[in-house]
>>> print(open('work-v8.pdb').read())   # PDB, C-alpha atoms
MODEL        1
ATOM      1  CA  MET A   1      35.364 -25.688   5.407
ATOM      2  CA  SER A   2      32.324 -25.618   3.150
ATOM      3  CA  ARG A   3      29.627 -22.959   3.227
ATOM      4  CA  TRP A   4      27.008 -25.356   4.570
ATOM      5  CA  THR A   5      29.329 -26.490   7.345
ATOM      6  CA  ARG A   6      29.921 -22.893   8.428
ATOM      7  CA  LEU A   7      26.194 -22.267   8.313
ATOM      8  CA  PHE A   8      25.510 -25.312  10.485
ATOM      9  CA  ILE A   9      28.134 -24.192  13.004
ATOM     10  CA  GLU A  10      26.606 -20.705  13.186
ATOM     11  CA  MET A  11      23.106 -22.145  13.662
ATOM     12  CA  LYS A  12      24.358 -24.444  16.401
ATOM     13  CA  LYS A  13      26.083 -21.524  18.102
ATOM     14  CA  ASN A  14      22.852 -19.463  18.036
ATOM     15  CA  LYS A  15      20.456 -22.330  18.722
ATOM     16  CA  HIS A  16      18.841 -20.544  21.681
ATOM     17  CA  ALA A  17      17.886 -17.619  19.474
ATOM     18  CA  TYR A  18      16.329 -19.970  16.901
ATOM     19  CA  VAL A  19      14.318 -21.683  19.643
ATOM     20  CA  LEU A  20      12.936 -18.324  20.763
ATOM     21  CA  MET A  21      12.050 -17.355  17.188
ATOM     22  CA  ALA A  22      10.546 -20.742  16.342
ATOM     23  CA  PRO A  23       6.930 -19.966  17.465
ATOM     24  CA  TYR A  24       6.824 -16.867  15.265
ATOM     25  CA  PHE A  25       8.251 -18.678  12.247
ATOM     26  CA  ILE A  26       5.821 -21.570  12.699
ATOM     27  CA  ILE A  27       2.835 -19.191  12.811
ATOM     28  CA  PHE A  28       4.196 -17.089   9.932
ATOM     29  CA  GLY A  29       4.813 -20.170   7.817
ATOM     30  CA  THR A  30       1.406 -21.686   8.574
ATOM     31  CA  PHE A  31      -0.691 -18.594   7.913
ATOM     32  CA  THR A  32       1.398 -16.749   5.315
ATOM     33  CA  ILE A  33       3.910 -18.879   3.407
ATOM     34  CA  VAL A  34       1.734 -21.996   3.068
ATOM     35  CA  PRO A  35      -1.368 -20.085   1.811
ATOM     36  CA  VAL A  36       0.766 -18.216  -0.741
ATOM     37  CA  LEU A  37       2.235 -21.472  -2.051
ATOM     38  CA  LEU A  38      -1.218 -23.105  -2.156
ATOM     39  CA  SER A  39      -2.580 -20.115  -4.072
ATOM     40  CA  LEU A  40       0.254 -20.433  -6.579
ATOM     41  CA  VAL A  41      -0.566 -24.123  -7.124
ATOM     42  CA  LEU A  42      -4.318 -23.467  -7.363
ATOM     43  CA  SER A  43      -3.721 -20.799 -10.012
ATOM     44  CA  PHE A  44      -2.958 -23.646 -12.429
ATOM     45  CA  THR A  45      -6.215 -25.465 -11.671
ATOM     46  CA  ASN A  46      -9.935 -25.184 -12.223
ATOM     47  CA  TYR A  47     -11.353 -25.142  -8.684
ATOM     48  CA  ASN A  48     -14.802 -24.058  -7.465
ATOM     49  CA  LEU A  49     -14.777 -25.260  -3.801
ATOM     50  CA  LEU A  50     -17.331 -27.976  -4.595
ATOM     51  CA  GLU A  51     -15.224 -30.241  -6.779
ATOM     52  CA  ALA A  52     -11.632 -31.374  -6.547
ATOM     53  CA  PRO A  53      -9.137 -29.077  -8.314
ATOM     54  CA  LYS A  54      -8.533 -29.992 -11.955
ATOM     55  CA  TRP A  55      -5.113 -29.208 -13.423
ATOM     56  CA  ILE A  56      -5.426 -26.947 -16.481
ATOM     57  CA  GLY A  57      -1.903 -25.526 -16.741
ATOM     58  CA  TRP A  58      -1.576 -21.950 -17.993
ATOM     59  CA  GLN A  59      -5.205 -21.577 -19.094
ATOM     60  CA  ASN A  60      -6.128 -19.227 -16.225
ATOM     61  CA  TYR A  61      -3.265 -16.881 -17.098
ATOM     62  CA  ALA A  62      -4.057 -17.018 -20.810
ATOM     63  CA  ARG A  63      -7.678 -16.170 -20.046
ATOM     64  CA  LEU A  64      -6.552 -13.389 -17.716
ATOM     65  CA  PHE A  65      -4.401 -11.503 -20.214
ATOM     66  CA  VAL A  66      -6.048 -12.441 -23.518
ATOM     67  CA  GLN A  67      -9.771 -12.890 -22.887
ATOM     68  CA  ASP A  68     -10.583 -10.891 -19.743
ATOM     69  CA  ASP A  69     -10.989  -7.273 -20.867
ATOM     70  CA  ILE A  70     -12.211  -6.234 -17.414
ATOM     71  CA  PHE A  71      -8.950  -7.415 -15.851
ATOM     72  CA  LEU A  72      -6.980  -5.195 -18.239
ATOM     73  CA  ILE A  73      -9.139  -2.246 -17.157
ATOM     74  CA  ALA A  74      -8.435  -3.187 -13.539
ATOM     75  CA  VAL A  75      -4.683  -3.318 -14.229
ATOM     76  CA  LYS A  76      -4.771   0.126 -15.856
ATOM     77  CA  ASN A  77      -6.755   1.632 -12.967
ATOM     78  CA  THR A  78      -4.524  -0.019 -10.355
ATOM     79  CA  PHE A  79      -1.279   1.194 -11.925
ATOM     80  CA  LEU A  80      -2.656   4.710 -12.368
ATOM     81  CA  PHE A  81      -3.904   4.730  -8.785
ATOM     82  CA  ALA A  82      -0.620   3.347  -7.416
ATOM     83  CA  ALA A  83       1.551   5.690  -9.509
ATOM     84  CA  ILE A  84      -0.219   8.706  -8.008
ATOM     85  CA  THR A  85      -1.040   7.697  -4.443
ATOM     86  CA  GLY A  86       2.078   5.622  -3.741
ATOM     87  CA  PRO A  87       4.811   8.271  -4.188
ATOM     88  CA  ILE A  88       2.662  11.173  -2.933
ATOM     89  CA  SER A  89       1.527   9.388   0.229
ATOM     90  CA  TYR A  90       5.063   8.124   0.903
ATOM     91  CA  LEU A  91       6.563  11.592   0.591
ATOM     92  CA  ALA A  92       3.707  13.090   2.614
ATOM     93  CA  CYS A  93       4.281  10.583   5.418
ATOM     94  CA  PHE A  94       7.952  11.480   5.607
ATOM     95  CA  LEU A  95       7.463  15.227   5.192
ATOM     96  CA  PHE A  96       4.859  15.478   7.958
ATOM     97  CA  ALA A  97       6.919  13.219  10.218
ATOM     98  CA  TRP A  98      10.028  15.344   9.581
ATOM     99  CA  LEU A  99       8.205  18.599  10.352
ATOM    100  CA  ILE A 100       6.428  17.249  13.429
ATOM    101  CA  ASN A 101       9.660  15.803  14.797
ATOM    102  CA  GLU A 102      10.990  19.332  15.337
ATOM    103  CA  LEU A 103       8.111  20.327  17.648
ATOM    104  CA  ARG A 104       7.783  20.090  21.419
ATOM    105  CA  PRO A 105       6.755  16.626  22.699
ATOM    106  CA  LYS A 106       3.161  17.509  23.681
ATOM    107  CA  LEU A 107       2.431  19.389  20.468
ATOM    108  CA  ARG A 108       4.117  16.595  18.473
ATOM    109  CA  ALA A 109       1.893  13.984  20.128
ATOM    110  CA  LEU A 110      -1.260  16.036  19.429
ATOM    111  CA  LEU A 111      -0.461  16.592  15.746
ATOM    112  CA  THR A 112       0.532  12.951  15.323
ATOM    113  CA  LEU A 113      -2.872  11.890  16.661
ATOM    114  CA  ILE A 114      -4.726  14.353  14.413
ATOM    115  CA  LEU A 115      -2.897  13.251  11.259
ATOM    116  CA  TYR A 116      -2.998   9.551  12.093
ATOM    117  CA  ALA A 117      -6.670   9.478  13.133
ATOM    118  CA  PRO A 118      -8.255   9.110   9.634
ATOM    119  CA  SER A 119      -6.336   5.876   8.980
ATOM    120  CA  ILE A 120      -7.720   4.193  12.126
ATOM    121  CA  ALA A 121     -11.216   5.658  12.190
ATOM    122  CA  GLY A 122     -12.907   2.799  10.333
ATOM    123  CA  ASN A 123     -15.506   3.876   7.792
ATOM    124  CA  THR A 124     -15.210   7.614   8.448
ATOM    125  CA  TYR A 125     -14.186   8.042   4.816
ATOM    126  CA  LEU A 126     -17.893   7.591   4.047
ATOM    127  CA  ILE A 127     -18.219  11.283   4.947
ATOM    128  CA  TRP A 128     -16.948  11.765   1.410
ATOM    129  CA  GLN A 129     -20.258  10.341   0.201
ATOM    130  CA  LEU A 130     -21.955  13.346   1.761
ATOM    131  CA  LEU A 131     -19.347  15.691   0.337
ATOM    132  CA  PHE A 132     -19.815  14.312  -3.180
ATOM    133  CA  ALA A 133     -23.520  13.428  -2.971
ATOM    134  CA  SER A 134     -25.186  13.559  -6.382
ATOM    135  CA  ASP A 135     -28.007  15.919  -5.373
ATOM    136  CA  SER A 136     -27.983  19.614  -4.514
ATOM    137  CA  TYR A 137     -27.525  18.796  -0.809
ATOM    138  CA  GLY A 138     -24.035  17.440  -1.364
ATOM    139  CA  TYR A 139     -21.435  19.907  -0.144
ATOM    140  CA  ALA A 140     -19.526  20.015  -3.428
ATOM    141  CA  ASN A 141     -22.636  20.529  -5.574
ATOM    142  CA  SER A 142     -24.109  23.015  -3.111
ATOM    143  CA  PHE A 143     -20.948  25.137  -3.118
ATOM    144  CA  LEU A 144     -20.542  25.090  -6.905
ATOM    145  CA  MET A 145     -24.212  25.906  -7.522
ATOM    146  CA  LYS A 146     -24.188  28.692  -4.938
ATOM    147  CA  TRP A 147     -21.333  30.434  -6.737
ATOM    148  CA  GLY A 148     -22.860  29.876 -10.167
ATOM    149  CA  ILE A 149     -20.093  27.560 -11.390
ATOM    150  CA  ILE A 150     -22.609  24.823 -12.300
ATOM    151  CA  LEU A 151     -26.356  24.998 -12.958
ATOM    152  CA  GLU A 152     -27.321  21.456 -11.960
ATOM    153  CA  PRO A 153     -25.842  18.812  -9.627
ATOM    154  CA  ILE A 154     -22.957  16.704 -10.880
ATOM    155  CA  GLN A 155     -23.175  12.931 -10.469
ATOM    156  CA  TRP A 156     -19.774  12.736  -8.806
ATOM    157  CA  LEU A 157     -19.849   9.079  -7.778
ATOM    158  CA  GLN A 158     -21.640   7.876 -10.920
ATOM    159  CA  ASP A 159     -19.690   9.736 -13.579
ATOM    160  CA  PRO A 160     -16.624   7.782 -14.803
ATOM    161  CA  ARG A 161     -14.756  11.062 -15.348
ATOM    162  CA  TYR A 162     -14.659  11.820 -11.622
ATOM    163  CA  VAL A 163     -14.772   8.449  -9.880
ATOM    164  CA  LEU A 164     -11.091   7.513  -9.952
ATOM    165  CA  GLY A 165     -10.020  11.043  -9.006
ATOM    166  CA  ILE A 166     -12.281  11.006  -5.945
ATOM    167  CA  LEU A 167     -10.965   7.584  -4.983
ATOM    168  CA  ILE A 168      -7.393   8.898  -5.173
ATOM    169  CA  MET A 169      -8.301  11.896  -2.992
ATOM    170  CA  VAL A 170      -9.833   9.682  -0.322
ATOM    171  CA  GLN A 171      -6.848   7.324  -0.315
ATOM    172  CA  LEU A 172      -4.434  10.233   0.094
ATOM    173  CA  TRP A 173      -6.550  11.484   3.002
ATOM    174  CA  LEU A 174      -6.182   8.064   4.641
ATOM    175  CA  SER A 175      -2.502   7.622   3.794
ATOM    176  CA  LEU A 176      -0.865   8.910   6.995
ATOM    177  CA  GLY A 177      -0.955   5.556   8.741
ATOM    178  CA  THR A 178       1.611   3.004   9.858
ATOM    179  CA  ALA A 179       4.391   4.372   7.632
ATOM    180  CA  PHE A 180       3.868   7.821   9.164
ATOM    181  CA  LEU A 181       4.364   6.431  12.676
ATOM    182  CA  ALA A 182       7.393   4.419  11.541
ATOM    183  CA  PHE A 183       9.021   7.557  10.150
ATOM    184  CA  ILE A 184       8.418   9.459  13.380
ATOM    185  CA  ALA A 185       9.972   6.603  15.350
ATOM    186  CA  GLY A 186      12.935   6.497  12.967
ATOM    187  CA  LEU A 187      13.526  10.239  13.268
ATOM    188  CA  GLN A 188      13.370  10.018  17.043
ATOM    189  CA  ASN A 189      16.038   7.310  17.095
ATOM    190  CA  VAL A 190      18.629   9.034  14.900
ATOM    191  CA  ASP A 191      21.845   9.430  16.877
ATOM    192  CA  ARG A 192      22.294  13.181  17.516
ATOM    193  CA  THR A 193      26.056  12.857  17.620
ATOM    194  CA  LEU A 194      25.959  12.141  13.885
ATOM    195  CA  TYR A 195      24.871  15.712  13.241
ATOM    196  CA  GLU A 196      27.776  17.056  15.280
ATOM    197  CA  ALA A 197      30.190  14.845  13.349
ATOM    198  CA  GLY A 198      28.561  15.937  10.102
ATOM    199  CA  SER A 199      29.047  19.622  10.862
ATOM    200  CA  ILE A 200      32.740  18.937  11.408
ATOM    201  CA  ASP A 201      32.925  17.041   8.090
ATOM    202  CA  GLY A 202      31.465  19.965   6.131
ATOM    203  CA  ILE A 203      27.674  19.620   6.243
ATOM    204  CA  ARG A 204      26.301  23.164   6.277
ATOM    205  CA  ASN A 205      22.488  23.081   5.924
ATOM    206  CA  ARG A 206      19.398  21.027   6.805
ATOM    207  CA  TRP A 207      19.066  19.514   3.337
ATOM    208  CA  GLN A 208      22.578  18.097   3.495
ATOM    209  CA  GLU A 209      21.814  16.772   6.987
ATOM    210  CA  LEU A 210      18.672  15.138   5.647
ATOM    211  CA  TRP A 211      20.349  13.462   2.661
ATOM    212  CA  PHE A 212      23.683  12.415   4.172
ATOM    213  CA  ILE A 213      22.722  11.707   7.815
ATOM    214  CA  THR A 214      18.996  11.445   8.547
ATOM    215  CA  LEU A 215      17.861   9.308   5.608
ATOM    216  CA  PRO A 216      20.755   6.784   5.755
ATOM    217  CA  ALA A 217      20.303   6.464   9.537
ATOM    218  CA  MET A 218      16.627   5.532   9.172
ATOM    219  CA  ARG A 219      16.916   3.325   6.071
ATOM    220  CA  PRO A 220      15.104   0.376   7.786
ATOM    221  CA  GLN A 221      12.097   2.613   8.534
ATOM    222  CA  LEU A 222      12.172   3.964   4.996
ATOM    223  CA  MET A 223      12.041   0.450   3.584
ATOM    224  CA  PHE A 224       9.272  -0.553   5.978
ATOM    225  CA  GLY A 225       7.255   2.527   5.033
ATOM    226  CA  ALA A 226       7.780   1.815   1.335
ATOM    227  CA  VAL A 227       6.482  -1.746   1.719
ATOM    228  CA  ILE A 228       3.420  -0.491   3.586
ATOM    229  CA  GLN A 229       2.610   2.254   1.079
ATOM    230  CA  ILE A 230       3.148  -0.031  -1.932
ATOM    231  CA  SER A 231       0.846  -2.618  -0.372
ATOM    232  CA  LEU A 232      -1.838   0.001   0.269
ATOM    233  CA  ALA A 233      -1.528   1.490  -3.208
ATOM    234  CA  PHE A 234      -1.875  -1.822  -5.042
ATOM    235  CA  SER A 235      -4.454  -3.432  -2.749
ATOM    236  CA  VAL A 236      -7.145  -0.758  -2.723
ATOM    237  CA  ALA A 237     -10.594  -2.340  -2.738
ATOM    238  CA  GLU A 238     -12.662  -1.564   0.354
ATOM    239  CA  ILE A 239     -12.840   2.171  -0.330
ATOM    240  CA  SER A 240     -13.853   1.558  -3.936
ATOM    241  CA  ILE A 241     -16.554  -0.950  -2.993
ATOM    242  CA  TYR A 242     -18.171   1.055  -0.187
ATOM    243  CA  LEU A 243     -17.721   4.538  -1.609
ATOM    244  CA  ILE A 244     -18.214   4.018  -5.351
ATOM    245  CA  GLY A 245     -20.154   0.750  -5.402
ATOM    246  CA  PHE A 246     -19.464  -2.682  -6.844
ATOM    247  CA  PRO A 247     -19.086  -2.905  -9.722
ATOM    248  CA  SER A 248     -18.324   0.755 -10.362
ATOM    249  CA  VAL A 249     -19.853   2.562 -13.337
ATOM    250  CA  ASP A 250     -18.116   1.400 -16.540
ATOM    251  CA  TYR A 251     -15.567  -0.266 -14.227
ATOM    252  CA  SER A 252     -14.003   3.176 -13.790
ATOM    253  CA  ALA A 253     -12.855   2.343 -10.235
ATOM    254  CA  HIS A 254     -12.319  -1.369 -10.788
ATOM    255  CA  THR A 255      -8.966  -2.551  -9.421
ATOM    256  CA  ILE A 256      -7.101  -5.851  -9.387
ATOM    257  CA  VAL A 257      -8.266  -6.555  -5.839
ATOM    258  CA  THR A 258     -11.930  -5.840  -6.609
ATOM    259  CA  HIS A 259     -11.559  -8.192  -9.593
ATOM    260  CA  LEU A 260     -10.126 -10.755  -7.184
ATOM    261  CA  VAL A 261     -13.066 -10.231  -4.814
ATOM    262  CA  ASP A 262     -15.471 -10.718  -7.713
ATOM    263  CA  TYR A 263     -14.085 -14.106  -8.746
ATOM    264  CA  GLY A 264     -13.016 -15.316  -5.310
ATOM    265  CA  SER A 265     -15.889 -14.243  -3.048
ATOM    266  CA  ILE A 266     -18.842 -13.985  -5.447
ATOM    267  CA  ARG A 267     -18.280 -16.405  -8.326
ATOM    268  CA  PHE A 268     -16.120 -18.839  -6.319
ATOM    269  CA  GLU A 269     -13.818 -19.507  -9.261
ATOM    270  CA  MET A 270     -10.937 -20.093  -6.882
ATOM    271  CA  GLY A 271      -8.407 -21.209  -9.483
ATOM    272  CA  TYR A 272      -8.948 -18.076 -11.542
ATOM    273  CA  ALA A 273      -8.949 -15.917  -8.399
ATOM    274  CA  SER A 274      -5.645 -17.500  -7.369
ATOM    275  CA  ALA A 275      -4.183 -16.548 -10.752
ATOM    276  CA  ILE A 276      -5.269 -12.937 -10.174
ATOM    277  CA  ALA A 277      -3.726 -13.024  -6.691
ATOM    278  CA  THR A 278      -0.471 -14.434  -8.065
ATOM    279  CA  VAL A 279      -0.223 -11.669 -10.670
ATOM    280  CA  LEU A 280      -0.873  -9.042  -7.995
ATOM    281  CA  PHE A 281       1.738 -10.611  -5.714
ATOM    282  CA  SER A 282       4.292 -10.544  -8.547
ATOM    283  CA  ILE A 283       3.578  -6.876  -9.277
ATOM    284  CA  MET A 284       3.924  -5.894  -5.613
ATOM    285  CA  LEU A 285       7.100  -7.956  -5.239
ATOM    286  CA  GLY A 286       8.634  -6.265  -8.274
ATOM    287  CA  ALA A 287       7.679  -2.822  -6.972
ATOM    288  CA  ASN A 288       9.225  -3.605  -3.581
ATOM    289  CA  LEU A 289      12.481  -4.839  -5.135
ATOM    290  CA  LEU A 290      12.703  -1.708  -7.293
ATOM    291  CA  THR A 291      12.063   0.488  -4.260
ATOM    292  CA  GLN A 292      14.737  -1.360  -2.300
ATOM    293  CA  LYS A 293      17.289  -0.616  -5.024
ATOM    294  CA  LEU A 294      16.304   3.063  -5.074
ATOM    295  CA  LEU A 295      16.540   3.388  -1.281
ATOM    296  CA  ALA A 296      20.002   1.797  -1.364
ATOM    297  CA  LYS A 297      21.189   4.925  -3.197
ATOM    298  CA  VAL A 298      20.058   7.253  -0.414
ATOM    299  CA  GLY A 299      22.964   9.219   0.960
ATOM    300  CA  GLU A 300      25.310   8.473  -1.938
TER     301      GLU A 300
ENDMDL
END
>>> encode(input="work-v8.pdb", output="structure tokens")
Amino acid sequence: MSRWTRLFIEMKKNKHAYVLMAPYFIIFGTFTIVPVLLSLVLSFTNYNLLEAPKWIGWQNYARLFVQDDIFLIAVKNTFLFAAITGPISYLACFLFAWLINELRPKLRALLTLILYAPSIAGNTYLIWQLLFASDSYGYANSFLMKWGIILEPIQWLQDPRYVLGILIMVQLWLSLGTAFLAFIAGLQNVDRTLYEAGSIDGIRNRWQELWFITLPAMRPQLMFGAVIQISLAFSVAEISIYLIGFPSVDYSAHTIVTHLVDYGSIRFEMGYASAIATVLFSIMLGANLLTQKLLAKVGE
């Protein structure tokens, strides 16, 4: 029996399940898969929304990597931002979830709300504008001047030396979001009998429990959290635009997504914007595949 025949038999056997899943797959395909494929095709065209797309082959990609110096700055900023915020926020999500999981239910619920609140509070991160205001009334400048550390206010949000660092701080403050909740749910669902079996098999401390029992048992949540944190790390744009301004001074906070916003929403060079989106999608896909391989080694 061929592979395709076996596959057809299995699909026929589970036809009721496929019927139930069909609405989701239709919606997912219509609003996710089809737009991604269209964007990939448009990345090889010259398209401005007013005229029909004109096929130009690899010209958009050649322009992107050879002629567009601002895009290279955006790539550098994005990778630096992702390399710092991605791992730190991921580990922070798990660490806080692990610690909170040991508390009593009411206290656990309260701390979960407190830590999760910044990620769902809309534009509350704009409080950082007051903290890093460029005059003497900004909290940071006021504190430093009061203690004689500086003599005049620092232009925190206009000085390229500080902009990216502030952006990273704000993103880390907002990082305890969906992945944090997923980790708490995963920890709550670990089978407690595994710990009893582990103690019989020679596990003697909490770190061994964590590595050999807890992490392997919640591998799906770990992968989900990794996807979420990678997506957040590489797709930062809103915070940069509203907190730093657009464009940022000397493009010091310019990211791939803000570059995409520039060409897609302001200049309406949709073919070029699609090329930027395709490059970003490829980077995120590669990062997710690498993370999947690393998580497969958990517990070994």
>>> closest_residue(input="work-v8.pdb", among="A:Leu37, A:Asp201, A:Thr78, A:Tyr263", to="Ile283 in chain A", atoms="only C-alpha atoms")
A:Thr78
>>> residues_around(input="work-v8.pdb", residues="Ala117 in chain A", least_positions_apart="2", cutoff="12 Å", atoms="only C-alpha atoms", output="list in words")
Ala109, Leu110, Leu111, Thr112, Leu113, Ile114, Leu115, Ser119, Ile120, Ala121, Gly122, Asn123, Thr124, Tyr125, Trp173, Leu174, Ser175, Leu176, Gly177, Thr178, Phe180 and Leu181 of chain A
>>> atom_distance(input="work-v8.pdb", atom1="CA of Arg108 in chain A", atom2="CA of Asn189 in chain A")
15.2 Å
>>> residues_near_point(input="work-v8.pdb", point="(-5.8, -16.3, -17.1)", cutoff="12 Å", atoms="only C-alpha atoms", output="JSON list (two decimals) with C-alpha atoms, in the frame of the given file")
[["chain", "number", "residue", "atom", "x", "y", "z"],
["A", 43, "SER", "CA", -3.72, -20.80, -10.01],
["A", 44, "PHE", "CA", -2.96, -23.65, -12.43],
["A", 45, "THR", "CA", -6.22, -25.46, -11.67],
["A", 46, "ASN", "CA", -9.94, -25.18, -12.22],
["A", 56, "ILE", "CA", -5.43, -26.95, -16.48],
["A", 57, "GLY", "CA", -1.90, -25.53, -16.74],
["A", 58, "TRP", "CA", -1.58, -21.95, -17.99],
["A", 59, "GLN", "CA", -5.20, -21.58, -19.09],
["A", 60, "ASN", "CA", -6.13, -19.23, -16.23],
["A", 61, "TYR", "CA", -3.26, -16.88, -17.10],
["A", 62, "ALA", "CA", -4.06, -17.02, -20.81],
["A", 63, "ARG", "CA", -7.68, -16.17, -20.05],
["A", 64, "LEU", "CA", -6.55, -13.39, -17.72],
["A", 65, "PHE", "CA", -4.40, -11.50, -20.21],
["A", 66, "VAL", "CA", -6.05, -12.44, -23.52],
["A", 67, "GLN", "CA", -9.77, -12.89, -22.89],
["A", 68, "ASP", "CA", -10.58, -10.89, -19.74],
["A", 69, "ASP", "CA", -10.99, -7.27, -20.87],
["A", 70, "ILE", "CA", -12.21, -6.23, -17.41],
["A", 71, "PHE", "CA", -8.95, -7.42, -15.85],
["A", 72, "LEU", "CA", -6.98, -5.20, -18.24],
["A", 263, "TYR", "CA", -14.08, -14.11, -8.75],
["A", 269, "GLU", "CA", -13.82, -19.51, -9.26],
["A", 271, "GLY", "CA", -8.41, -21.21, -9.48],
["A", 272, "TYR", "CA", -8.95, -18.08, -11.54],
["A", 273, "ALA", "CA", -8.95, -15.92, -8.40],
["A", 274, "SER", "CA", -5.64, -17.50, -7.37],
["A", 275, "ALA", "CA", -4.18, -16.55, -10.75],
["A", 276, "ILE", "CA", -5.27, -12.94, -10.17],
["A", 277, "ALA", "CA", -3.73, -13.02, -6.69],
["A", 278, "THR", "CA", -0.47, -14.43, -8.06],
["A", 279, "VAL", "CA", -0.22, -11.67, -10.67]]
>>> residues_around(input="work-v8.pdb", residues="range 245-249 of chain A", least_positions_apart="3", cutoff="12 Å", atoms="all atoms listed in the file", output="ChimeraX atom specification")
/A:70,73-74,77,126,129,155-164,167,237-242,252-255,257-259,261-262,266
>>> atom_distance(input="work-v8.pdb", atom1="CA of Arg104 in chain A", atom2="CA of Gly202 in chain A")
28.2 Å
>>> residues_near_point(input="work-v8.pdb", point="(-2.2, -1.4, 4.6)", cutoff="10 Å", atoms="only C-alpha atoms", output="list in words")
Ser119, Ser175, Gly177, Thr178, Ala179, Val227, Ile228, Gln229, Ile230, Ser231, Leu232, Ala233, Phe234, Ser235 and Val236 of chain A
>>> residues_around(input="work-v8.pdb", residues="Leu295 in chain A", least_positions_apart="5", cutoff="10 Å", atoms="all atoms listed in the file", output="list in words")
Leu215, Pro216, Arg219, Pro220, Leu222, Met223, Ala226, Leu289 and Leu290 of chain A
>>> resolve_selection(input="work-v8.pdb", expression="the PyMOL selection byres ((chain A and resi 153) around 12)", output="list of chain:residue names")
A:Phe132, A:Ala133, A:Ser134, A:Asp135, A:Ser136, A:Tyr137, A:Gly138, A:Tyr139, A:Ala140, A:Asn141, A:Ser142, A:Phe143, A:Leu144, A:Met145, A:Lys146, A:Gly148, A:Ile149, A:Ile150, A:Leu151, A:Glu152, A:Ile154, A:Gln155, A:Trp156, A:Leu157, A:Gln158, A:Asp159
>>> closest_residue(input="work-v8.pdb", among="A:Met270, A:Asn205, A:Ala287, A:Leu80", to="Leu42 in chain A", atoms="only C-alpha atoms")
A:Met270
>>> axis_aligned_box(input="work-v8.pdb", around="range 255-273 of chain A", padding_each_side="8 Å", output="JSON")
{"center_x": -13.0, "center_y": -11.9, "center_z": -7.3, "size_x": 27.7, "size_y": 34.7, "size_z": 24.5}
>>> residues_around(input="work-v8.pdb", residues="Ile184 in chain A", least_positions_apart="6", cutoff="9 Å", atoms="only C-alpha atoms", output="PDB file with C-alpha atoms, in the coordinates of the input")
ATOM      1  CA  PHE A  94       7.952  11.480   5.607  1.00  0.00           C
ATOM      2  CA  PHE A  96       4.859  15.478   7.958  1.00  0.00           C
ATOM      3  CA  ALA A  97       6.919  13.219  10.218  1.00  0.00           C
ATOM      4  CA  TRP A  98      10.028  15.344   9.581  1.00  0.00           C
ATOM      5  CA  ILE A 100       6.428  17.249  13.429  1.00  0.00           C
ATOM      6  CA  ASN A 101       9.660  15.803  14.797  1.00  0.00           C
ATOM      7  CA  THR A 112       0.532  12.951  15.323  1.00  0.00           C
TER       8      THR A 112
END
>>> residues_around(input="work-v8.pdb", residues="Gln208 in chain A", least_positions_apart="3", cutoff="12 Å", atoms="all atoms listed in the file", output="VMD selection string")
chain A and resid 195 198 to 199 201 to 205 211 to 216 298 to 300
>>> write_last_selection(input="work-v8.pdb", atoms="C-alpha atoms", output="PDB file, keeping the file's coordinate frame")
ATOM      1  CA  TYR A 195      24.871  15.712  13.241  1.00  0.00           C
ATOM      2  CA  GLY A 198      28.561  15.937  10.102  1.00  0.00           C
ATOM      3  CA  SER A 199      29.047  19.622  10.862  1.00  0.00           C
ATOM      4  CA  ASP A 201      32.925  17.041   8.090  1.00  0.00           C
ATOM      5  CA  GLY A 202      31.465  19.965   6.131  1.00  0.00           C
ATOM      6  CA  ILE A 203      27.674  19.620   6.243  1.00  0.00           C
ATOM      7  CA  ARG A 204      26.301  23.164   6.277  1.00  0.00           C
ATOM      8  CA  ASN A 205      22.488  23.081   5.924  1.00  0.00           C
ATOM      9  CA  TRP A 211      20.349  13.462   2.661  1.00  0.00           C
ATOM     10  CA  PHE A 212      23.683  12.415   4.172  1.00  0.00           C
ATOM     11  CA  ILE A 213      22.722  11.707   7.815  1.00  0.00           C
ATOM     12  CA  THR A 214      18.996  11.445   8.547  1.00  0.00           C
ATOM     13  CA  LEU A 215      17.861   9.308   5.608  1.00  0.00           C
ATOM     14  CA  PRO A 216      20.755   6.784   5.755  1.00  0.00           C
ATOM     15  CA  VAL A 298      20.058   7.253  -0.414  1.00  0.00           C
ATOM     16  CA  GLY A 299      22.964   9.219   0.960  1.00  0.00           C
ATOM     17  CA  GLU A 300      25.310   8.473  -1.938  1.00  0.00           C
TER      18      GLU A 300
END
>>> closest_residue(input="work-v8.pdb", among="A:Trp4, A:Trp55, A:Tyr116, A:Trp128", to="Ile244 in chain A", atoms="all atoms listed in the file")
A:Trp128
>>> closest_residue(input="work-v8.pdb", among="A:Ala197, A:Ile84, A:Leu210, A:Val19", to="Gly165 in chain A", atoms="all atoms listed in the file")
A:Ile84
>>> closest_residue(input="work-v8.pdb", among="A:Ile166, A:Met21, A:Ala217, A:Ile256", to="Leu131 in chain A", atoms="only C-alpha atoms")
A:Ile166
